[in-house]
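Structure record follows, encoded as structure tokens.
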Amino acid sequence: MHLSEEYFIGVDGGGTKTVCVIGDNSGRIISKIVGKGSNIKSTKPEKVRIQILELLNILLKQSGIQKEQVSAIYIGTAGGDREEDKRTWIDWMSIYFQSHPCRIQITNDAVPALVSGSFSLNGLVVIAGTGSIAYLVQDDGARTTRSGGWGYLFGDEGSGYHIGNEALRYVTRYIDKHGNFSQDELLTQAVLRHFKLQNSSEIITAVYDHDNPRTAIASLAKPVIELAEQKYGPANDIVQHAITSLVELLSTILEREQEAKGLPIVLSGGLFLNDMFCGSFVEAMRKFDNELYVPSLPPVIGSYINALLSVGIPLTPKLKREVIESWKQL
């Protein structure tokens with residue numbers, strides 16, 4: 001195989017969506033595709049397996065690249081650092097690429113998120129998307145420390161799910177107390193409008209009968225944050241509590257690991273795309289000396305870069321420029 005024929009796949013598997021990209025050994029991103037979430041703790045593993053293989057097939061077809069030309073695939077996914085989950089993903093990919101040697105790496109989705117923001121495997125990252133986690137990476141990726149990331153049943157503080165769940169709790173308490181909702185109660189109205197419901201009795205069906213109740217609840221974060229931007233008290237309280245929870249996740253690591261105090265912190269996940277949410281979080285983090293970064297590149301690019309690094313391709317300034325420019329064009 002000629003050097004120019006080598007290609008690399010990066011995958012970012014979140015709770016709500018999965019993004020895949022393919023590029024060559026020079027840093028040129030060629031194609032991307034987006035599909036449904038791939039967290040095997042919130043979606044049945046067999047369903048995730050079918051979805052990810054379909055995404056890879058489409059990615060290769062639309063880029064005109066043969067499976068045998070892929071030298072490495074790097075997958076960052078929720079729970080990718082748990083041995084049982086990692087084994088599942090490796091088994092899937094080993095079968096998919098069984099016709100030729102392909103380097104396969106599976107990590108927690110926080111690692112590529114860090115690389116996409118810092119171009120480094122040393123630093124901290126806090127993810128606030130459907131779920132949440134704080135993650136410390138040291139020694140060029142050899143040593144990691146996590147805080148949070150326990151999943152939506154007994155964790156995910158500060159996440160979109162957390163905000164949505166708190167909003168639903170507020171709405172149900174309000175309805176229990178008042179019997180129905182009024183035009184003055186904006187959060188209840190926002191929840192009903194979001195799910196396209198006519199009355200409060202339909203909430204249970206809308207959530208429990210959803211294909212993925214976790215993502216349905218997490219999707220409420222957007223209207224809640226919008227109300228918080230308008231200074232609506234109940235929504236603002238929920239959002240500020242979420243921000244405090246995220247700061248606590250980072251504080252736990254910074255207090256445990258002395259070496260983390262001078263490292264950069266990358267802010268990743270959909271909630272940080274909101275200026276008010278991000279600004280409030282940055283303000284709450286002022287008590288720490290770490291520099292905060294909001295990546296201009298998505299986590300999937302971090303996965304692609306890690307795929308290159310996994311086979312010894314150095315991250316040169318030229319390669320970084322090619323990655324950035326080709327992603328912009330794509």
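Letters A, B, ... mark the chains of the structure tokens in the order given; residue numbers begin at 1 per chain; ligand numbers begin at 1, in order shown.
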Original post:
Residues of region 118-297 of chain A in strand (DSSP E) according to DSSP, as a ChimeraX atom specification?
Top reply: /A:123-128,132-138,143-148,265-268,292-293
Original post:
Could you pull the residues within 7 Å of region 56-69 of chain A, counting only C-alpha atoms, minus those fewer than 5 positions along the same chain, as a VMD selection string?
Top reply: chain A and resid 5 to 7 30 to 33 100
Could you save those same residues with N, CA and C atoms as a tab-separated table (two decimals), in the first residue's frame?
chain	number	residue	atom	x	y	z
A	5	GLU	N	-2.19	6.13	-0.04
A	5	GLU	CA	-3.42	5.35	-0.02
A	5	GLU	C	-3.90	5.05	1.39
A	6	GLU	N	-3.24	5.57	2.39
A	6	GLU	CA	-3.64	5.33	3.76
A	6	GLU	C	-4.71	6.32	4.19
A	7	TYR	N	-5.74	5.80	4.85
A	7	TYR	CA	-6.82	6.65	5.32
A	7	TYR	C	-7.14	6.30	6.78
A	30	ILE	N	-11.75	14.28	4.40
A	30	ILE	CA	-12.37	14.04	3.10
A	30	ILE	C	-13.88	14.01	3.18
A	31	SER	N	-14.43	13.39	4.22
A	31	SER	CA	-15.87	13.22	4.27
A	31	SER	C	-16.31	13.04	5.71
A	32	LYS	N	-17.59	13.34	5.96
A	32	LYS	CA	-18.16	13.12	7.29
A	32	LYS	C	-19.60	12.65	7.16
A	33	ILE	N	-20.09	12.04	8.23
A	33	ILE	CA	-21.48	11.61	8.28
A	33	ILE	C	-21.95	11.66	9.73
A	100	HIS	N	-8.30	-7.12	6.65
A	100	HIS	CA	-6.96	-6.52	6.56
A	100	HIS	C	-6.58	-5.92	7.90
Original post:
Counting only C-alpha atoms, what is within 12 Å of Asp91 (chain A), bar same-chain residues fewer than 5 positions away, as an NGL selection string?
Top reply: :A and (49 or 84-86 or 96-98 or 104-106)
**OP:** Would you return as a VMD selection string the members of region 14-105 of chain A that DSSP assigns to helix (DSSP H, G or I) on this structure's backbone?
**Re:** chain A and resid 45 to 63 67 to 69 83 to 96
Original post:
Hey, what's within 12 Å of Glu248 (chain A) if we count only C-alpha atoms and toss same-chain stuff fewer than 2 positions away? As number ranges by chain, please?
Top reply: A: 126, 132-134, 147-148, 157-158, 241-246, 250-255, 281, 284-285, 288
Go ahead and write the selection's residues with C-alpha atoms as a CSV table (one decimal), in the first residue's frame.
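Below is the file that was written, out28.csv:
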chain,number,residue,atom,x,y,z
A,126,VAL,CA,-15.5,18.9,30.9
A,132,SER,CA,-21.6,15.0,31.6
A,133,ILE,CA,-18.1,14.1,32.8
A,134,ALA,CA,-14.9,15.8,33.8
A,147,SER,CA,-15.1,12.6,37.8
A,148,GLY,CA,-18.8,12.0,37.0
A,157,GLU,CA,-25.0,16.2,36.9
A,158,GLY,CA,-24.9,19.4,34.9
A,241,HIS,CA,-27.6,24.5,39.6
A,242,ALA,CA,-26.3,22.6,36.5
A,243,ILE,CA,-23.4,25.0,36.2
A,244,THR,CA,-22.5,24.6,39.9
A,245,SER,CA,-22.6,20.8,39.4
A,246,LEU,CA,-20.1,21.0,36.5
A,250,LEU,CA,-13.8,19.7,37.9
A,251,SER,CA,-13.1,20.8,41.5
A,252,THR,CA,-13.0,17.1,42.5
A,253,ILE,CA,-10.2,16.4,40.1
A,254,LEU,CA,-8.3,19.6,40.8
A,255,GLU,CA,-8.4,18.9,44.5
A,281,PHE,CA,-19.6,28.7,33.7
A,284,ALA,CA,-17.9,30.3,38.1
A,285,MET,CA,-14.5,28.9,37.3
A,288,PHE,CA,-9.1,28.4,39.5
With only C-alpha atoms as the counted atoms, please give the residues lying no more than 8 Å from Val282 (chain A), apart from itself and same-chain residues fewer than 4 positions off, as a PDB file with C-alpha atoms, in the first residue's frame.
ATOM      1  CA  CYS A 278     -20.706  29.142  28.705  1.00  0.00           C
ATOM      2  CA  ARG A 286     -12.591  32.156  38.003  1.00  0.00           C
ATOM      3  CA  LEU A 292     -10.398  27.586  29.574  1.00  0.00           C
TER       4      LEU A 292
END
Subject >> Residue with smallest distance to Val70 (chain A) - pool A:Val239, A:Leu186, A:Ala206, A:Cys102, counting only C-alpha atoms >> reply: A:Cys102
